[in-house]
Number of protein chains: 2
Amino acid sequence: MSHTVEILSVGTELLLGSIANTDAQMLSQGLSELGLNVYWHTVVGDNPGRAREAVALAKSRADIIITTGGLGPTCDDLTKNVLAEAFGKELVFHEPSAQRIRSYFERTKRPMPESNMQQAMLPEGCTVLENDWGTAPGCAFEADGVHVIMLPGPPSECRPMFHYRAKPYLQSLSEGVIASHTLKLFGIGESSMEEQLRQQMNEMSNPTLAPYAKEGECELRVTAKADNDEEAQKLLKPTVEQIKTLFGNKVYGVDVKSLEQVVQTLLEEKGMTIGVAESITGGLLAKRLTDLPGVSKVFKGGIVSYTNEVKQAVLGVPEELLNRCGAVSAPVAQAMAEGARRVLGVDIALSATGVAGPDKDDRGNEVGTAFVAIATPEGSYVRELHLGNRPMRERLRTQTAHHAFDLARRYLSGLSYEH
Amino acid sequence: MSHTVEILSVGTELLLGSIANTDAQMLSQGLSELGLNVYWHTVVGDNPGRAREAVALAKSRADIIITTGGLGPTCDDLTKNVLAEAFGKELVFHEPSAQRIRSYFERTKRPMPESNMQQAMLPEGCTVLENDWGTAPGCAFEADGVHVIMLPGPPSECRPMFHYRAKPYLQSLSEGVIASHTLKLFGIGESSMEEQLRQQMNEMSNPTLAPYAKEGECELRVTAKADNDEEAQKLLKPTVEQIKTLFGNKVYGVDVKSLEQVVQTLLEEKGMTIGVAESITGGLLAKRLTDLPGVSKVFKGGIVSYTNEVKQAVLGVPEELLNRCGAVSAPVAQAMAEGARRVLGVDIALSATGVAGPDKDDRGNEVGTAFVAIATPEGSYVRELHLGNRPMRERLRTQTAHHAFDLARRYLSGLSYEH
């Protein structure tokens, strides 16, 4: 039997537009990977009447209901109350959860508001999903032929709670096995990728191929269903190989998170270190690298040189060069990378300089013009970018960072810098 | 009469989690500002049966239905077909829209797939919402006492279509005026904030008070309805003042985006410059500052010193200090800030050092231990943080950055550093 899922999010902040429903996105992605069909997302506010109606509807049409939000003391634990009522369950005090909540506050050295103890009230007979990332425990139960899973709303809690608590519970409900691999591509547009794959995609049924575009990168997810993982992998392999052949070294990895993660892995393999010098990206290169756990083995540091003075004083970019070519130029990008390599004492250094807007720079460089460079023991290379002046500041910076990491991954993989 | 709105999004990509429903967020924000009550978000896939059910439900409970997505040729114009059917309307060919679609393709120099002509089929008697940002026109009509507005799904089209086309249509439906102010707080937990406000919140009806927690910060939105803006502002003022008094300098701004934005404004007012030295935040301080347009007037640069060598070589932190106290210590945080102030030639410098995990550091400092410091012309100050070892890496870094910016905003506002 194929399960149908409704994701029910409770929170007035969603209806006011204070936040986007990223929980629903994260859950949908994870549930699809488990082979479960998400058919509905519903959002209601912290309103018992509408929450009750939404739960009744979900109960009538889905056989798995996953709720997010409404578990905190501030909304009177709306979700738990409404779900327990809909499925005829009492809320009972769960001492181990109370203990965990108390020690959470002790650890973070904050006084515990009495209202937090409400969070230890849980539906009778449920499976408690321990929350190691916040105070509100989640829970799961089956009743009236429906599986109910309640997760906390804050994305920093919802994500790990899904991954480490709800997923194992759900995996047991899924029949057969779904396996997938995700190929990551950089340097190709989504429509051009899709055009090259369209016929193939239409003809395939198992495995299936799903393309996504994400902030200037592309993803291709190949998914197969089979009786067991070995069979599924056998189905996946030829398609993965075929795509790799088709797109060549635009494919930068399979089942990897990001360009920077590939760079980290390659640096570790080679025992090399990296540093960065940033102007347009303003800390984004360093930030993305230090988002990676364990990166301190290979990343030594970075310089954010937002002014010419800092470019000169800290990175040693010659004043003459800045005057002659301007801060947004290939020679300055190269000098920044080489300066960072020297100052930080690293094997390879990346740099980025460009115009993020809102206005042209004083040399008349258009918004979207940028240079990324790499300095290595074997010399330096600069890539010139014209990213168009329509994308927003954030997106220009993101794309520029992609290109910088792409240089590093190409150097470390022994590939041509040309993309 | 107070209108209730349902936002109905059609798109399998939302149910697969390929994208977040940012359209619903953007619309919710805009609709709330218009004083319209968004009570439901619903998402269904490109499935006529479930779309029909969702429309029937929306029609029964909302008096404004706004749809996003499902207007393109690839989904057979699902949304238009289903909505027209539900309200007993025919789709008729709209020549001006056809003309616009043809010229859109001419302008972008692409051949027009024949299927795009479907997009010129619109419900009889509707108000056509011209799409200057893509091919699919939107439309609006009133039938059976319900207002229906259909907008295209891609956020780059949905946003301007709402702002320039749907809003003028909706404004005529809204009676009176809604005004709101958002107070931002740092240094207080959501539950403790709410406990102090609970009674008041329950007693208030106009203005109303809505609290939110966001990545370690808190927000309080005060909203009032009145006949005109002046009246609304009169209602808001005493409440805003009352909250400011209640929470003192934990309130860091009204209608501001972020701590760093407040810091930017204060620096501009005082004609001062800022720089940063980062270990645990690894570029996040610089990145958040450079996210702000126009920040180059006050931000000169940053050093990401992820190793002791870089702390010594670039920031001039004494080796003896690093050996004696360890990299995660108050003296090193102070030396980093002072080093950055000197090296970058700025008026004030912020620093952050700490343990983001996954493991304790070599001195046995727990994950979540951090020090943020500020160096100013009048001297330095260090704040010690114990953020708990459970939050994820990302959240620890975000919170540490908040604290660093809080030091700057307190210094620049002449407040005590104690929070």
# chains A, B, ... in the order shown; residues from 1 in each chain; ligands from 1
>>> residues_around(residues="range 166-169 of chain B", least_positions_apart="2", cutoff="9 Å", atoms="only C-alpha atoms", output="CSV table (one decimal) with N, CA and C atoms, in the first residue's frame")
chain,number,residue,atom,x,y,z
B,30,GLY,N,2.1,40.7,2.5
B,30,GLY,CA,1.5,41.8,1.8
B,30,GLY,C,0.0,41.9,2.2
B,31,LEU,N,-0.7,40.7,2.4
B,31,LEU,CA,-2.1,40.7,2.7
B,31,LEU,C,-2.3,41.2,4.1
B,34,LEU,N,-2.3,44.7,4.3
B,34,LEU,CA,-3.6,45.3,3.8
B,34,LEU,C,-4.7,45.1,4.8
B,129,LEU,N,-4.9,40.4,-15.3
B,129,LEU,CA,-3.8,41.0,-14.7
B,129,LEU,C,-2.6,40.8,-15.6
B,138,GLY,N,-2.2,36.8,-15.1
B,138,GLY,CA,-3.1,36.5,-14.0
B,138,GLY,C,-4.5,37.0,-14.3
B,139,CYS,N,-5.4,36.7,-13.3
B,139,CYS,CA,-6.7,37.2,-13.5
B,139,CYS,C,-7.4,37.3,-12.2
B,140,ALA,N,-8.5,38.1,-12.1
B,140,ALA,CA,-9.3,38.2,-10.9
B,140,ALA,C,-10.7,38.3,-11.3
B,149,ILE,N,-8.3,35.5,-7.2
B,149,ILE,CA,-7.2,36.1,-7.9
B,149,ILE,C,-6.2,35.0,-8.2
B,150,MET,N,-5.8,34.9,-9.4
B,150,MET,CA,-4.8,33.8,-9.8
B,150,MET,C,-3.5,34.5,-10.3
B,151,LEU,N,-2.4,34.0,-9.7
B,151,LEU,CA,-1.1,34.6,-10.0
B,151,LEU,C,-0.2,33.5,-10.4
B,161,MET,N,3.6,40.7,-9.7
B,161,MET,CA,2.2,40.6,-10.0
B,161,MET,C,1.3,40.9,-8.8
B,162,PHE,N,1.8,40.5,-7.7
B,162,PHE,CA,1.0,40.8,-6.5
B,162,PHE,C,1.1,42.3,-6.2
B,163,HIS,N,2.3,42.8,-6.2
B,163,HIS,CA,2.5,44.2,-5.8
B,163,HIS,C,1.8,45.2,-6.8
B,164,TYR,N,2.0,45.0,-8.1
B,164,TYR,CA,1.5,45.9,-9.0
B,164,TYR,C,0.1,45.6,-9.6
B,171,GLN,N,-7.0,46.4,-2.5
B,171,GLN,CA,-7.1,47.6,-1.6
B,171,GLN,C,-8.5,48.1,-1.5
B,172,SER,N,-9.2,47.9,-2.6
B,172,SER,CA,-10.6,48.4,-2.7
B,172,SER,C,-11.5,47.6,-1.8
B,173,LEU,N,-11.0,46.4,-1.4
B,173,LEU,CA,-11.9,45.5,-0.6
B,173,LEU,C,-11.7,45.7,0.9
>>> interface_residues(of="chain B", to="chain A", cutoff="7 Å", atoms="only C-alpha atoms", output="NGL selection string")
:B and (14-22 or 25-26 or 28-29 or 32 or 38-45 or 191-192 or 194 or 282-284 or 286-287 or 290 or 296 or 300-307 or 310 or 344 or 358 or 386-388 or 390-391 or 394)
>>> select_by_dssp(residues="range 150-333 of chain A", states="strand (DSSP E)", output="PyMOL selection string")
chain A and resi 150-151+177-185+208-214+217-226+251-254+274-278+299-305
>>> write_last_selection(atoms="C-alpha atoms", output="mmCIF file, in the first residue's frame")
data_model
loop_
_atom_site.group_PDB
_atom_site.id
_atom_site.type_symbol
_atom_site.label_atom_id
_atom_site.label_comp_id
_atom_site.auth_asym_id
_atom_site.auth_seq_id
_atom_site.Cartn_x
_atom_site.Cartn_y
_atom_site.Cartn_z
ATOM 1 C CA MET A 150 4.296 15.822 15.760
ATOM 2 C CA LEU A 151 7.467 17.826 15.381
ATOM 3 C CA VAL A 177 13.188 0.278 -0.946
ATOM 4 C CA ILE A 178 13.659 3.638 -2.527
ATOM 5 C CA ALA A 179 17.208 4.595 -3.326
ATOM 6 C CA SER A 180 18.422 7.725 -4.961
ATOM 7 C CA HIS A 181 21.563 9.504 -5.962
ATOM 8 C CA THR A 182 21.879 13.200 -6.524
ATOM 9 C CA LEU A 183 24.300 14.546 -9.101
ATOM 10 C CA LYS A 184 25.392 18.115 -8.624
ATOM 11 C CA LEU A 185 26.286 20.252 -11.609
ATOM 12 C CA THR A 208 13.243 8.318 -12.638
ATOM 13 C CA LEU A 209 15.134 11.522 -13.193
ATOM 14 C CA ALA A 210 14.242 14.815 -11.511
ATOM 15 C CA PRO A 211 16.082 18.039 -12.262
ATOM 16 C CA TYR A 212 16.243 21.006 -9.900
ATOM 17 C CA ALA A 213 17.820 24.403 -10.117
ATOM 18 C CA LYS A 214 19.221 25.832 -6.904
ATOM 19 C CA GLU A 217 23.639 25.292 -9.460
ATOM 20 C CA CYS A 218 21.750 22.326 -10.868
ATOM 21 C CA GLU A 219 20.840 19.017 -9.345
ATOM 22 C CA LEU A 220 19.691 15.796 -10.947
ATOM 23 C CA ARG A 221 18.119 13.266 -8.669
ATOM 24 C CA VAL A 222 17.976 9.687 -9.923
ATOM 25 C CA THR A 223 15.537 7.534 -7.943
ATOM 26 C CA ALA A 224 14.829 3.820 -8.201
ATOM 27 C CA LYS A 225 12.386 1.525 -6.446
ATOM 28 C CA ALA A 226 13.224 -2.111 -5.857
ATOM 29 C CA VAL A 251 29.193 17.242 -12.725
ATOM 30 C CA TYR A 252 31.096 18.085 -9.596
ATOM 31 C CA GLY A 253 29.887 15.334 -7.361
ATOM 32 C CA VAL A 254 27.391 12.621 -6.539
ATOM 33 C CA ILE A 274 43.216 26.847 1.844
ATOM 34 C CA GLY A 275 42.613 30.514 2.601
ATOM 35 C CA VAL A 276 40.513 33.266 1.053
ATOM 36 C CA ALA A 277 40.624 36.964 0.225
ATOM 37 C CA GLU A 278 37.231 38.526 -0.288
ATOM 38 C CA PHE A 299 40.988 26.044 6.259
ATOM 39 C CA LYS A 300 43.374 28.461 7.941
ATOM 40 C CA GLY A 301 41.686 31.800 7.506
ATOM 41 C CA GLY A 302 40.498 34.640 5.341
ATOM 42 C CA ILE A 303 40.778 38.346 4.779
ATOM 43 C CA VAL A 304 37.735 40.434 3.981
ATOM 44 C CA SER A 305 39.240 43.426 2.248
#
>>> residues_around(residues="Arg363 in chain A", least_positions_apart="3", cutoff="10 Å", atoms="only C-alpha atoms", output="list in words")
Cys325, Gly326, Ala327, Val328, Lys360 and Glu366 of chain A
>>> write_last_selection(atoms="C-alpha atoms", output="CSV table (one decimal), in the first residue's frame")
chain,number,residue,atom,x,y,z
A,325,CYS,CA,43.4,48.7,-12.9
A,326,GLY,CA,40.8,49.4,-10.2
A,327,ALA,CA,39.7,47.2,-7.4
A,328,VAL,CA,37.4,45.2,-9.7
A,360,LYS,CA,28.2,50.6,-10.9
A,366,GLU,CA,28.5,47.1,-14.3
>>> residues_around(residues="Ile348 in chain A", least_positions_apart="2", cutoff="8 Å", atoms="only C-alpha atoms", output="PyMOL selection string")
chain A and resi 272-275+341+346+350+374-377
